[in-house]
Amino acid sequence: MSDLRDPAPYDALLLLSFGGPEGPDDVVPFLANVTRGRGIPEERLKEVGKHYFLFGGVSPINAQNRALLDALRKDFAEHGLDLPLYWGNRNWAPYLTDTLREMTVDGHRRIAVLATSAYASYSGCRQYRENLAESLAALEAEGLPVPRVDKLRHYFNHPGFVRPMVDGVLAALADFSADVRAGAHLAFTTHSIPISAADTSGPVEEHGDGGAYVAEHLDVARLIVDAVREETGVEYPWQLVYQSRSGAPHIPWLEPDICDHLETLHGEGVPAVVMVPIGFVSDHMEVLYDLDTEANAKAAELGLPVRRSATVGADPRFAAAVRELVLERAATEQGRVAQRCALGALGPGHDLCPVGCCPARALKPAAAGADSPYV
């Protein structure tokens with residue numbers, strides 16, 4: 001990046017995340033927020049919440065966001081980037097609307113937004129933009145000035161996101177004994193979503209089946225496989241697989257599921273598997289339960305050695321990537337030519353989501369896009 005450290009026009013950065021419960025009494029109210037408008041009874045929410053109760057009702061995501069904020073503050077201070085940092089969640093405290101209200105009262109009017117989702121999709125991008133629009137509308141109804149919010153581009157292929165995952169795979173492979181390591185397979189995992197949502201993740205015309213969602217994950221997987229080959233001299237067999245399906249059984253979702261995939265590999269005589277959660281920024285509940293608990297239990301049942309590589313979390317290289325994304329977007333807004341770091345075949349993504357990108361199930365206003373009502 002340029003040596004310039006001018007974040008203008010941005011006067012603050014908002015870390016926008018999903019949120020999670022921080023105690024047993026929070027679980028059902030949190031899930032009620034997540035499923036708002038679907039009419040799911042409380043007893044069903046208690047059943048769905050069993051994953052959280054296994055961990056004392058505490059999701060690790062909030063602690064991980066606090067760690068990321070600390071890493072960002074450290075990196076920004078060390079590189080002379082004077083930009084206040086705030087944090088807001090979609091589904092639990094600190095709530096997005098409350099954080100944006102605080103930012104507005106503090107005088108911030110042009111806010112860069114980092115979402116803790118690296119890829120394109122409705123749930124990973126547009127839904128965050130819808131939540132931003134809802135919160136801005138709430139501020140407007142309160143008579144407060146409405147700040148402009150700009151969501152930073154997808155960072156799935158930024159070196160600061162990819163390289164920590166490469167190192168995680170290398171460490172996981174090194175943990176196997178030499179007699180199984182050479183034959184190990186890599187299972188790249190991400191959240192399953194409905195096939196219809198994947199196919200319309202966009203811009204649609206630029207991608208084939210599975211839309212941008214699948215294309216971006218495949219690109220990251222190839223980058224990691226290539227980097228591991230350069231380090232080890234071995235090209236490990238690999239596949240993109242899915243986890244954490246939560247929808248109605250009659251609706252087609254992306255497959256195969258990680259547990260089914262482990263059974264298949266075991267049946268083929270594969271001696272070991274590294275599960276690589278490329279779809280997740282940090283070790284939140286879907287990593288701790290669906291991989292570290294459920295998939296590990298399946299592997300133990302099969303007698304299949306598995307390891308799970310680390311997510312990016314608060315790695316200093318990721319914090320540096322966020323700083324670069326902020327300065328890159330600031331330079332563009334200033335009318336300067338910005339260096340846009342990206343690896344792989346897809347290149348850097350768009351700054352402004354186009355009209356119709358990752359369409360909603362029902363039409364709702366969405367901020368930080370070409371169709372935003374707040375510009």
# chains A, B, ... in the order shown; residues from 1 in each chain; ligands from 1

call {"tool": "residues_around", "arguments": {"residues": "region 71-87 of chain A", "least_positions_apart": "2", "cutoff": "6 Å", "atoms": "only C-alpha atoms", "output": "PDB file with C-alpha atoms, in the first residue's frame"}}
result
ATOM      1  CA  ARG A   5      -2.132   7.084   6.018  1.00  0.00           C
ATOM      2  CA  ALA A  12     -14.530   5.851  12.005  1.00  0.00           C
ATOM      3  CA  LEU A  13     -14.475   2.112  11.364  1.00  0.00           C
ATOM      4  CA  LEU A  14     -17.350  -0.157  12.414  1.00  0.00           C
ATOM      5  CA  LEU A  15     -16.728  -3.865  13.013  1.00  0.00           C
ATOM      6  CA  LEU A  68      -9.842  -8.588  16.735  1.00  0.00           C
ATOM      7  CA  LEU A  69     -10.621  -5.041  17.888  1.00  0.00           C
ATOM      8  CA  ALA A 319      -5.419  -6.762  11.115  1.00  0.00           C
TER       9      ALA A 319
END

call {"tool": "select_by_dssp", "arguments": {"residues": "region 220-343 of chain A", "states": "strand (DSSP E or B)", "output": "number ranges by chain"}}
result
A: 238-243, 253, 257, 273-276, 306-308

call {"tool": "atom_distance", "arguments": {"atom1": "CA of Ala367 (chain A)", "atom2": "CA of Glu102 (chain A)"}}
result
18.4 Å

call {"tool": "closest_atom_pairs", "arguments": {"of": "region 68-159 of chain A", "to": "region 31-48 of chain A", "cutoff": "12 Å", "atoms": "only C-alpha atoms", "output": "JSON lines"}}
result
{"residue": "A:Asn89", "atom": "CA", "partner": "A:Asn33", "partner_atom": "CA", "distance": 11.2}
{"residue": "A:Arg90", "atom": "CA", "partner": "A:Val34", "partner_atom": "CA", "distance": 8.3}
{"residue": "A:Asn91", "atom": "CA", "partner": "A:Asn33", "partner_atom": "CA", "distance": 5.6}
{"residue": "A:Trp92", "atom": "CA", "partner": "A:Asn33", "partner_atom": "CA", "distance": 7.7}
{"residue": "A:Ala93", "atom": "CA", "partner": "A:Asn33", "partner_atom": "CA", "distance": 11.1}
{"residue": "A:Tyr95", "atom": "CA", "partner": "A:Asn33", "partner_atom": "CA", "distance": 10.9}
{"residue": "A:Ser123", "atom": "CA", "partner": "A:Val34", "partner_atom": "CA", "distance": 11.6}
{"residue": "A:Gln127", "atom": "CA", "partner": "A:Val34", "partner_atom": "CA", "distance": 11.7}
{"residue": "A:Asn131", "atom": "CA", "partner": "A:Val34", "partner_atom": "CA", "distance": 12.0}

call {"tool": "residues_around", "arguments": {"residues": "Ala272 (chain A)", "least_positions_apart": "3", "cutoff": "9 Å", "atoms": "only C-alpha atoms", "output": "list in words"}}
result
Phe176, Val180, Arg181, Gly183, Ala184, His185, Leu186, Leu265, His266, Leu304, Pro305, Val306 and Arg307 of chain A

call {"tool": "closest_atom_pairs", "arguments": {"of": "region 22-64 of chain A", "to": "region 275-298 of chain A", "cutoff": "9 Å", "atoms": "only C-alpha atoms", "output": "tab-separated table"}}
result
residue	atom	partner	partner_atom	distance
A:His51	CA	A:Tyr289	CA	6.6
A:Tyr52	CA	A:Met285	CA	7.5
A:Leu54	CA	A:Tyr289	CA	8.9
A:Phe55	CA	A:Met285	CA	9.0
A:Val58	CA	A:Met285	CA	8.8
A:Ser59	CA	A:Met285	CA	5.8
A:Pro60	CA	A:His284	CA	5.3
A:Ile61	CA	A:His284	CA	4.9
A:Asn62	CA	A:His284	CA	8.6
A:Gln64	CA	A:Ser282	CA	6.9

call {"tool": "residues_around", "arguments": {"residues": "region 225-234 of chain A", "least_positions_apart": "2", "cutoff": "7 Å", "atoms": "only C-alpha atoms", "output": "ChimeraX atom specification"}}
result
/A:166,170,221-223,236

call {"tool": "write_last_selection", "arguments": {"atoms": "all heavy atoms", "output": "PDB file, in the first residue's frame"}}
result
ATOM      1  N   VAL A 166      -3.050 -20.660   5.251  1.00  0.00           N
ATOM      2  CA  VAL A 166      -1.996 -21.548   4.737  1.00  0.00           C
ATOM      3  C   VAL A 166      -1.151 -22.078   5.899  1.00  0.00           C
ATOM      4  O   VAL A 166      -0.885 -23.288   6.008  1.00  0.00           O
ATOM      5  CB  VAL A 166      -1.101 -20.814   3.722  1.00  0.00           C
ATOM      6  CG1 VAL A 166       0.102 -21.669   3.338  1.00  0.00           C
ATOM      7  CG2 VAL A 166      -1.904 -20.424   2.486  1.00  0.00           C
ATOM      8  N   LEU A 170      -0.507 -26.008   7.210  1.00  0.00           N
ATOM      9  CA  LEU A 170       0.831 -26.572   7.383  1.00  0.00           C
ATOM     10  C   LEU A 170       1.023 -27.103   8.808  1.00  0.00           C
ATOM     11  O   LEU A 170       1.581 -28.186   9.008  1.00  0.00           O
ATOM     12  CB  LEU A 170       1.887 -25.521   7.062  1.00  0.00           C
ATOM     13  CG  LEU A 170       1.988 -25.103   5.591  1.00  0.00           C
ATOM     14  CD1 LEU A 170       2.887 -23.878   5.454  1.00  0.00           C
ATOM     15  CD2 LEU A 170       2.513 -26.252   4.727  1.00  0.00           C
ATOM     16  N   ALA A 221      -9.507 -22.072  -1.843  1.00  0.00           N
ATOM     17  CA  ALA A 221      -8.993 -23.427  -1.643  1.00  0.00           C
ATOM     18  C   ALA A 221      -7.797 -23.695  -2.560  1.00  0.00           C
ATOM     19  O   ALA A 221      -6.779 -24.257  -2.131  1.00  0.00           O
ATOM     20  CB  ALA A 221     -10.106 -24.442  -1.897  1.00  0.00           C
ATOM     21  N   ARG A 222      -7.911 -23.290  -3.819  1.00  0.00           N
ATOM     22  CA  ARG A 222      -6.802 -23.499  -4.765  1.00  0.00           C
ATOM     23  C   ARG A 222      -5.561 -22.724  -4.326  1.00  0.00           C
ATOM     24  O   ARG A 222      -4.430 -23.209  -4.444  1.00  0.00           O
ATOM     25  CB  ARG A 222      -7.226 -23.083  -6.168  1.00  0.00           C
ATOM     26  CG  ARG A 222      -8.283 -23.994  -6.786  1.00  0.00           C
ATOM     27  CD  ARG A 222      -8.532 -23.654  -8.246  1.00  0.00           C
ATOM     28  NE  ARG A 222      -9.678 -24.385  -8.770  1.00  0.00           N
ATOM     29  CZ  ARG A 222     -10.902 -23.878  -8.915  1.00  0.00           C
ATOM     30  NH1 ARG A 222     -11.136 -22.621  -8.571  1.00  0.00           N
ATOM     31  NH2 ARG A 222     -11.875 -24.617  -9.391  1.00  0.00           N
ATOM     32  N   LEU A 223      -5.761 -21.503  -3.846  1.00  0.00           N
ATOM     33  CA  LEU A 223      -4.623 -20.714  -3.368  1.00  0.00           C
ATOM     34  C   LEU A 223      -3.901 -21.426  -2.231  1.00  0.00           C
ATOM     35  O   LEU A 223      -2.665 -21.466  -2.186  1.00  0.00           O
ATOM     36  CB  LEU A 223      -5.118 -19.342  -2.894  1.00  0.00           C
ATOM     37  CG  LEU A 223      -5.499 -18.322  -3.970  1.00  0.00           C
ATOM     38  CD1 LEU A 223      -6.256 -17.155  -3.345  1.00  0.00           C
ATOM     39  CD2 LEU A 223      -4.254 -17.821  -4.681  1.00  0.00           C
ATOM     40  N   TYR A 236      -1.702 -31.966  -2.077  1.00  0.00           N
ATOM     41  CA  TYR A 236      -2.659 -32.797  -1.363  1.00  0.00           C
ATOM     42  C   TYR A 236      -4.018 -32.783  -2.068  1.00  0.00           C
ATOM     43  O   TYR A 236      -4.500 -31.716  -2.477  1.00  0.00           O
ATOM     44  CB  TYR A 236      -2.815 -32.302   0.075  1.00  0.00           C
ATOM     45  CG  TYR A 236      -1.593 -32.568   0.923  1.00  0.00           C
ATOM     46  CD1 TYR A 236      -0.580 -31.622   1.052  1.00  0.00           C
ATOM     47  CD2 TYR A 236      -1.443 -33.784   1.573  1.00  0.00           C
ATOM     48  CE1 TYR A 236       0.552 -31.874   1.816  1.00  0.00           C
ATOM     49  CE2 TYR A 236      -0.308 -34.052   2.343  1.00  0.00           C
ATOM     50  CZ  TYR A 236       0.675 -33.087   2.456  1.00  0.00           C
ATOM     51  OH  TYR A 236       1.799 -33.354   3.201  1.00  0.00           O
TER      52      TYR A 236
END

call {"tool": "decode", "arguments": {"residues": "region 336-356 of chain A", "atoms": "N, CA and C atoms", "output": "mmCIF file, in the first residue's frame"}}
result
data_model
loop_
_atom_site.group_PDB
_atom_site.id
_atom_site.type_symbol
_atom_site.label_atom_id
_atom_site.label_comp_id
_atom_site.auth_asym_id
_atom_site.auth_seq_id
_atom_site.Cartn_x
_atom_site.Cartn_y
_atom_site.Cartn_z
ATOM 1 N N ARG A 336 -7.966 8.980 -5.905
ATOM 2 C CA ARG A 336 -6.635 8.505 -6.232
ATOM 3 C C ARG A 336 -6.691 7.053 -6.697
ATOM 4 N N VAL A 337 -5.674 6.638 -7.423
ATOM 5 C CA VAL A 337 -5.569 5.247 -7.849
ATOM 6 C C VAL A 337 -5.060 4.429 -6.671
ATOM 7 N N ALA A 338 -5.833 3.410 -6.281
ATOM 8 C CA ALA A 338 -5.491 2.610 -5.110
ATOM 9 C C ALA A 338 -4.925 1.264 -5.525
ATOM 10 N N GLN A 339 -3.919 0.807 -4.787
ATOM 11 C CA GLN A 339 -3.423 -0.551 -4.962
ATOM 12 C C GLN A 339 -4.385 -1.497 -4.273
ATOM 13 N N ARG A 340 -4.938 -2.448 -5.032
ATOM 14 C CA ARG A 340 -5.971 -3.344 -4.504
ATOM 15 C C ARG A 340 -5.395 -4.763 -4.423
ATOM 16 N N CYS A 341 -4.987 -5.142 -3.242
ATOM 17 C CA CYS A 341 -4.312 -6.433 -3.054
ATOM 18 C C CYS A 341 -5.310 -7.579 -3.173
ATOM 19 N N ALA A 342 -4.974 -8.547 -4.013
ATOM 20 C CA ALA A 342 -5.810 -9.738 -4.159
ATOM 21 C C ALA A 342 -4.986 -10.838 -4.799
ATOM 22 N N LEU A 343 -5.216 -12.068 -4.343
ATOM 23 C CA LEU A 343 -4.580 -13.237 -4.911
ATOM 24 C C LEU A 343 -5.592 -14.013 -5.750
ATOM 25 N N GLY A 344 -5.107 -14.973 -6.528
ATOM 26 C CA GLY A 344 -6.004 -15.877 -7.220
ATOM 27 C C GLY A 344 -6.530 -15.360 -8.532
ATOM 28 N N ALA A 345 -7.497 -16.102 -9.068
ATOM 29 C CA ALA A 345 -8.005 -15.841 -10.412
ATOM 30 C C ALA A 345 -9.092 -14.775 -10.464
ATOM 31 N N LEU A 346 -9.740 -14.492 -9.352
ATOM 32 C CA LEU A 346 -10.916 -13.614 -9.385
ATOM 33 C C LEU A 346 -10.583 -12.143 -9.231
ATOM 34 N N GLY A 347 -9.448 -11.829 -8.645
ATOM 35 C CA GLY A 347 -9.065 -10.428 -8.483
ATOM 36 C C GLY A 347 -9.868 -9.744 -7.395
ATOM 37 N N PRO A 348 -9.602 -8.456 -7.169
ATOM 38 C CA PRO A 348 -10.308 -7.725 -6.113
ATOM 39 C C PRO A 348 -11.772 -7.520 -6.467
ATOM 40 N N GLY A 349 -12.626 -7.600 -5.476
ATOM 41 C CA GLY A 349 -14.057 -7.425 -5.686
ATOM 42 C C GLY A 349 -14.451 -5.967 -5.797
ATOM 43 N N HIS A 350 -15.749 -5.779 -6.040
ATOM 44 C CA HIS A 350 -16.292 -4.421 -6.202
ATOM 45 C C HIS A 350 -16.390 -3.712 -4.850
ATOM 46 N N ASP A 351 -16.276 -2.401 -4.883
ATOM 47 C CA ASP A 351 -16.488 -1.599 -3.678
ATOM 48 C C ASP A 351 -17.969 -1.428 -3.384
ATOM 49 N N LEU A 352 -18.759 -1.311 -4.432
ATOM 50 C CA LEU A 352 -20.178 -1.002 -4.288
ATOM 51 C C LEU A 352 -20.988 -2.153 -4.867
ATOM 52 N N CYS A 353 -21.772 -2.808 -4.036
ATOM 53 C CA CYS A 353 -22.590 -3.916 -4.523
ATOM 54 C C CYS A 353 -23.588 -3.403 -5.566
ATOM 55 N N PRO A 354 -23.628 -4.020 -6.754
ATOM 56 C CA PRO A 354 -24.541 -3.542 -7.788
ATOM 57 C C PRO A 354 -25.998 -3.866 -7.469
ATOM 58 N N VAL A 355 -26.891 -3.219 -8.165
ATOM 59 C CA VAL A 355 -28.322 -3.481 -8.003
ATOM 60 C C VAL A 355 -28.602 -4.946 -8.336
ATOM 61 N N GLY A 356 -29.365 -5.612 -7.486
ATOM 62 C CA GLY A 356 -29.712 -7.001 -7.722
ATOM 63 C C GLY A 356 -28.686 -8.009 -7.261
#
